[in-house]
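> What follows is input.pdb, made up of PDB, C-alpha atoms:
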```pdb
ATOM      1  CA  MET E   1       6.423  -9.308  16.762
ATOM      2  CA  SER E   2       6.563 -11.836  13.949
ATOM      3  CA  PHE E   3       9.842 -12.808  12.375
ATOM      4  CA  ALA E   4       8.028 -14.518   9.504
ATOM      5  CA  ALA E   5       8.014 -11.187   7.664
ATOM      6  CA  ASN E   6      11.538 -11.921   6.481
ATOM      7  CA  THR E   7      10.375 -15.010   4.578
ATOM      8  CA  HIS E   8       8.778 -12.993   1.796
ATOM      9  CA  PRO E   9      10.675 -12.693  -1.471
ATOM     10  CA  PRO E  10      11.769  -9.128  -2.243
ATOM     11  CA  ARG E  11       9.364  -7.246  -4.506
ATOM     12  CA  ARG E  12      10.306  -4.757  -7.196
ATOM     13  CA  GLU E  13      10.165  -1.026  -6.588
ATOM     14  CA  ARG E  14       6.840   0.739  -7.071
ATOM     15  CA  SER E  15       6.350   2.344 -10.459
ATOM     16  CA  THR E  16       4.265   5.198  -9.039
ATOM     17  CA  THR E  17       5.029   7.526  -6.187
ATOM     18  CA  VAL E  18       1.430   8.396  -5.342
ATOM     19  CA  VAL E  19      -0.886   5.465  -4.614
ATOM     20  CA  ASP E  20      -3.373   7.098  -2.231
ATOM     21  CA  ARG E  21      -3.884  10.753  -3.125
ATOM     22  CA  ALA E  22      -5.959  11.651  -0.079
ATOM     23  CA  VAL E  23      -3.467  10.292   2.440
ATOM     24  CA  GLN E  24      -0.222  11.195   0.710
ATOM     25  CA  TYR E  25      -1.248  14.676  -0.430
ATOM     26  CA  GLY E  26      -2.712  15.310   3.029
ATOM     27  CA  VAL E  27       0.684  14.586   4.580
ATOM     28  CA  VAL E  28       2.456  16.734   1.963
ATOM     29  CA  LYS E  29       0.052  19.636   2.574
ATOM     30  CA  LYS E  30       0.632  19.456   6.321
ATOM     31  CA  ILE E  31       4.414  19.367   5.929
ATOM     32  CA  ALA E  32       4.307  22.221   3.383
ATOM     33  CA  PHE E  33       2.193  24.276   5.788
ATOM     34  CA  HIS E  34       4.689  23.674   8.600
ATOM     35  CA  TRP E  35       7.569  24.523   6.284
ATOM     36  CA  VAL E  36       5.947  27.830   5.258
ATOM     37  CA  ILE E  37       5.358  28.742   8.912
ATOM     38  CA  PHE E  38       8.985  27.845   9.709
ATOM     39  CA  PHE E  39      10.250  29.910   6.763
ATOM     40  CA  VAL E  40       8.157  32.955   7.712
ATOM     41  CA  CYS E  41       9.186  32.744  11.373
ATOM     42  CA  ASN E  42      12.871  32.518  10.441
ATOM     43  CA  SER E  43      12.551  35.457   8.061
ATOM     44  CA  VAL E  44      10.849  37.590  10.697
ATOM     45  CA  ALA E  45      13.464  36.563  13.263
ATOM     46  CA  LEU E  46      16.272  37.575  10.886
ATOM     47  CA  LEU E  47      14.584  40.914  10.183
ATOM     48  CA  LEU E  48      14.073  41.578  13.878
ATOM     49  CA  TRP E  49      17.670  40.664  14.661
ATOM     50  CA  LEU E  50      18.979  43.095  12.037
ATOM     51  CA  ARG E  51      16.625  45.864  13.086
ATOM     52  CA  LEU E  52      17.045  45.545  16.854
ATOM     53  CA  PHE E  53      20.669  44.505  17.299
ATOM     54  CA  GLU E  54      22.712  45.298  14.213
ATOM     55  CA  HIS E  55      21.141  48.473  12.782
ATOM     56  CA  PRO E  56      18.662  49.975  15.246
ATOM     57  CA  ASP E  57      19.067  53.372  13.586
ATOM     58  CA  LEU E  58      17.725  52.204  10.178
ATOM     59  CA  THR E  59      14.094  52.406   9.160
ATOM     60  CA  TRP E  60      12.044  49.225   8.895
ATOM     61  CA  GLN E  61      12.121  49.513   5.107
ATOM     62  CA  HIS E  62      15.912  49.741   5.044
ATOM     63  CA  SER E  63      16.172  46.875   7.536
ATOM     64  CA  PHE E  64      13.930  44.766   5.305
ATOM     65  CA  GLU E  65      15.998  45.592   2.209
ATOM     66  CA  ASP E  66      19.207  44.751   4.084
ATOM     67  CA  CYS E  67      17.706  41.474   5.278
ATOM     68  CA  VAL E  68      16.686  40.470   1.748
ATOM     69  CA  ARG E  69      20.087  41.450   0.350
ATOM     70  CA  ARG E  70      22.088  39.598   3.020
ATOM     71  CA  PHE E  71      19.975  36.465   3.293
ATOM     72  CA  MET E  72      18.834  35.990  -0.304
ATOM     73  CA  PRO E  73      21.015  32.843  -0.730
ATOM     74  CA  PHE E  74      19.322  31.339   2.342
ATOM     75  CA  PHE E  75      15.870  32.176   0.952
ATOM     76  CA  LEU E  76      16.672  30.782  -2.511
ATOM     77  CA  ILE E  77      18.213  27.562  -1.202
ATOM     78  CA  SER E  78      15.237  27.057   1.107
ATOM     79  CA  LEU E  79      12.831  27.501  -1.806
ATOM     80  CA  ALA E  80      14.891  25.231  -4.073
ATOM     81  CA  LEU E  81      14.720  22.416  -1.519
ATOM     82  CA  ILE E  82      10.903  22.286  -1.506
ATOM     83  CA  PRO E  83      10.588  19.865  -4.473
ATOM     84  CA  ALA E  84      13.116  17.484  -2.901
ATOM     85  CA  PHE E  85      11.227  17.547   0.414
ATOM     86  CA  VAL E  86       7.898  16.925  -1.323
ATOM     87  CA  LEU E  87       9.264  14.012  -3.367
ATOM     88  CA  ASP E  88      10.926  12.462  -0.330
ATOM     89  CA  THR E  89       7.703  12.807   1.657
ATOM     90  CA  LEU E  90       5.726  11.130  -1.139
ATOM     91  CA  LYS E  91       8.220   8.261  -1.249
ATOM     92  CA  LEU E  92       8.039   7.832   2.515
ATOM     93  CA  THR E  93       4.240   7.902   2.602
ATOM     94  CA  ASN E  94       4.208   5.380  -0.250
ATOM     95  CA  ARG E  95       5.829   2.881   2.136
ATOM     96  CA  PHE E  96       2.667   2.809   4.258
ATOM     97  CA  ALA E  97      -0.005   3.933   1.768
ATOM     98  CA  GLY E  98       0.933   1.215  -0.762
ATOM     99  CA  PRO E  99       0.603  -1.693   1.674
ATOM    100  CA  ILE E 100      -2.654  -0.328   3.076
ATOM    101  CA  MET E 101      -4.081   0.051  -0.446
ATOM    102  CA  ARG E 102      -3.235  -3.597  -1.176
ATOM    103  CA  LEU E 103      -4.676  -4.697   2.161
ATOM    104  CA  ARG E 104      -7.839  -2.676   1.491
ATOM    105  CA  THR E 105      -8.231  -4.366  -1.909
ATOM    106  CA  GLU E 106      -7.936  -7.841  -0.408
ATOM    107  CA  ILE E 107     -10.312  -7.007   2.448
ATOM    108  CA  THR E 108     -12.840  -5.831  -0.155
ATOM    109  CA  ASN E 109     -12.358  -9.094  -2.054
ATOM    110  CA  ALA E 110     -12.970 -11.076   1.132
ATOM    111  CA  ALA E 111     -16.025  -8.987   2.054
ATOM    112  CA  GLU E 112     -17.534  -9.625  -1.393
ATOM    113  CA  GLY E 113     -16.876 -13.358  -1.151
ATOM    114  CA  ARG E 114     -14.058 -13.476  -3.685
ATOM    115  CA  PRO E 115     -10.836 -15.377  -2.979
ATOM    116  CA  VAL E 116      -7.995 -13.180  -1.755
ATOM    117  CA  THR E 117      -4.410 -13.287  -2.931
ATOM    118  CA  LYS E 118      -1.521 -13.706  -0.547
ATOM    119  CA  LEU E 119      -0.078 -10.369   0.529
ATOM    120  CA  SER E 120       3.643  -9.767   0.405
ATOM    121  CA  PHE E 121       4.839  -6.229   0.938
ATOM    122  CA  ARG E 122       8.123  -4.837  -0.322
ATOM    123  CA  THR E 123      11.232  -5.139   1.821
ATOM    124  CA  ASN E 124      11.275  -1.483   2.864
ATOM    125  CA  ASP E 125       7.501  -1.153   3.380
ATOM    126  CA  PHE E 126       5.958  -0.632   6.779
ATOM    127  CA  TRP E 127       3.623  -3.156   8.405
ATOM    128  CA  ARG E 128       4.990  -6.358   6.899
ATOM    129  CA  ASP E 129       3.715  -8.183   9.982
ATOM    130  CA  VAL E 130       0.186  -7.084   9.001
ATOM    131  CA  ALA E 131       0.595  -8.992   5.716
ATOM    132  CA  ASP E 132       1.664 -12.095   7.635
ATOM    133  CA  SER E 133      -1.341 -11.827   9.968
ATOM    134  CA  PHE E 134      -3.712 -11.251   7.059
ATOM    135  CA  ASN E 135      -2.292 -14.245   5.178
ATOM    136  CA  ARG E 136      -2.705 -16.489   8.231
ATOM    137  CA  MET E 137      -6.277 -15.268   8.708
ATOM    138  CA  ALA E 138      -7.113 -15.770   5.011
ATOM    139  CA  GLN E 139      -5.581 -19.263   5.046
ATOM    140  CA  ARG E 140      -7.412 -20.193   8.224
ATOM    141  CA  THR E 141     -10.784 -18.987   6.923
ATOM    142  CA  GLY E 142     -10.278 -20.590   3.518
ATOM    143  CA  LEU E 143     -10.396 -17.294   1.606
ATOM    144  CA  LEU E 144      -6.824 -17.506   0.328
ATOM    145  CA  ALA E 145      -6.635 -18.244  -3.408
ATOM    146  CA  ASP E 146      -4.248 -20.893  -4.713
ATOM    147  CA  GLU E 147      -1.865 -20.336  -7.649
ATOM    148  CA  ASN E 148      -4.757 -20.749 -10.139
ATOM    149  CA  GLY E 149      -6.822 -18.046  -8.448
ATOM    150  CA  GLN E 150      -9.235 -20.589  -6.941
ATOM    151  CA  SER E 151     -10.264 -20.424  -3.310
ATOM    152  CA  THR E 152      -8.644 -22.938  -0.993
ATOM    153  CA  ASP E 153     -11.851 -23.025   1.057
ATOM    154  CA  ILE E 154     -12.306 -26.634   2.217
ATOM    155  CA  GLU E 155     -16.072 -26.273   2.706
ATOM    156  CA  SER E 156     -16.757 -24.936  -0.791
ATOM    157  CA  SER E 157     -14.645 -27.613  -2.445
ATOM    158  CA  SER E 158     -16.352 -30.400  -0.484
ATOM    159  CA  SER E 159     -19.826 -29.027  -1.191
ATOM    160  CA  THR E 160     -19.203 -29.137  -4.944
ATOM    161  CA  THR E 161     -18.400 -32.847  -4.799
ATOM    162  CA  GLN E 162     -21.692 -33.715  -3.099
ATOM    163  CA  VAL E 163     -24.539 -34.738  -5.388
TER     164      VAL E 163
END
```
Could you take the file, read its structure, and then write that structure out as structure tokens?


Amino acid sequence: MSFAANTHPPRRERSTTVVDRAVQYGVVKKIAFHWVIFFVCNSVALLLWLRLFEHPDLTWQHSFEDCVRRFMPFFLISLALIPAFVLDTLKLTNRFAGPIMRLRTEITNAAEGRPVTKLSFRTNDFWRDVADSFNRMAQRTGLLADENGQSTDIESSSSTTQV
């Protein structure tokens, strides 16, 4: 593990929550699906508990009505928490989707022969060591751009001076 990741200056917070729709919405959909299954299973368990152990003499319809009446605060609070869970999930996924989007951009630049810019991920992002490795690789191969956006490639700069 590289400790050089701590040498990067802190970057400002992202202005957008969603940077990679396919990845981030895929994670949100999966979590929402699991939450719905959890909610349905808990509701059925509560209904079964009431029907089998508390009021076995009631009809299923009356047991259902009693369940809704007694546990409505639980149902409403659970539903009200969905937006907070979705937003928190998007913020969490942004911590890995954002760095990968930046890395993907710089890899595309390198593949197309353009100079790449030095990567520095935000303090709370995942995979900061990947940025360090990429920067070392780009520096070593001469693809890293200097402050003026020019490639620091030694071979290309020496070939332009030959007549």

> Take the PyMOL selection byres ((chain E and resi 116) around 7), run it mentally on this structure, and tell me the resulting residues as a list in words.

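For this structure, the PyMOL selection byres ((chain E and resi 116) around 7) resolves to Glu106, Asn109, Ala110, Arg114, Pro115, Thr117, Lys118, Leu143, Leu144 and Ala145 of chain E.
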
> Near range 91-97 of chain E, within 10 Å and counting all atoms listed in the file, which residues show up once chain neighbours fewer than 2 positions away are dropped, as a ChimeraX atom specification?

/E:14,16-25,27-28,85-89,99-103,121-128

> Determine, counting only C-alpha atoms, which protein, DNA and RNA residues have an atom within 10 Å of an atom of range 33-43 of chain E; residues of the same chain fewer than 3 positions away are not included. Present the result as a PDB file with C-alpha atoms, keeping the file's coordinate frame.


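Written output follows (around_8.pdb):
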```pdb
ATOM      1  CA  VAL E  27       0.684  14.586   4.580  1.00  0.00           C
ATOM      2  CA  VAL E  28       2.456  16.734   1.963  1.00  0.00           C
ATOM      3  CA  LYS E  29       0.052  19.636   2.574  1.00  0.00           C
ATOM      4  CA  LYS E  30       0.632  19.456   6.321  1.00  0.00           C
ATOM      5  CA  LEU E  46      16.272  37.575  10.886  1.00  0.00           C
ATOM      6  CA  LEU E  47      14.584  40.914  10.183  1.00  0.00           C
ATOM      7  CA  LEU E  48      14.073  41.578  13.878  1.00  0.00           C
ATOM      8  CA  TRP E  49      17.670  40.664  14.661  1.00  0.00           C
ATOM      9  CA  PHE E  64      13.930  44.766   5.305  1.00  0.00           C
ATOM     10  CA  CYS E  67      17.706  41.474   5.278  1.00  0.00           C
ATOM     11  CA  VAL E  68      16.686  40.470   1.748  1.00  0.00           C
ATOM     12  CA  PHE E  71      19.975  36.465   3.293  1.00  0.00           C
ATOM     13  CA  PHE E  74      19.322  31.339   2.342  1.00  0.00           C
ATOM     14  CA  PHE E  75      15.870  32.176   0.952  1.00  0.00           C
ATOM     15  CA  SER E  78      15.237  27.057   1.107  1.00  0.00           C
ATOM     16  CA  LEU E  79      12.831  27.501  -1.806  1.00  0.00           C
ATOM     17  CA  ILE E  82      10.903  22.286  -1.506  1.00  0.00           C
ATOM     18  CA  PHE E  85      11.227  17.547   0.414  1.00  0.00           C
TER      19      PHE E  85
END
```

> How many Å lie between CA of Glu65 in chain E and CA of Leu81 in chain E, rounded to one decimal?

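Taking CA of Glu65 in chain E as the start and CA of Leu81 in chain E as the end point, the length is 23.5 Å.
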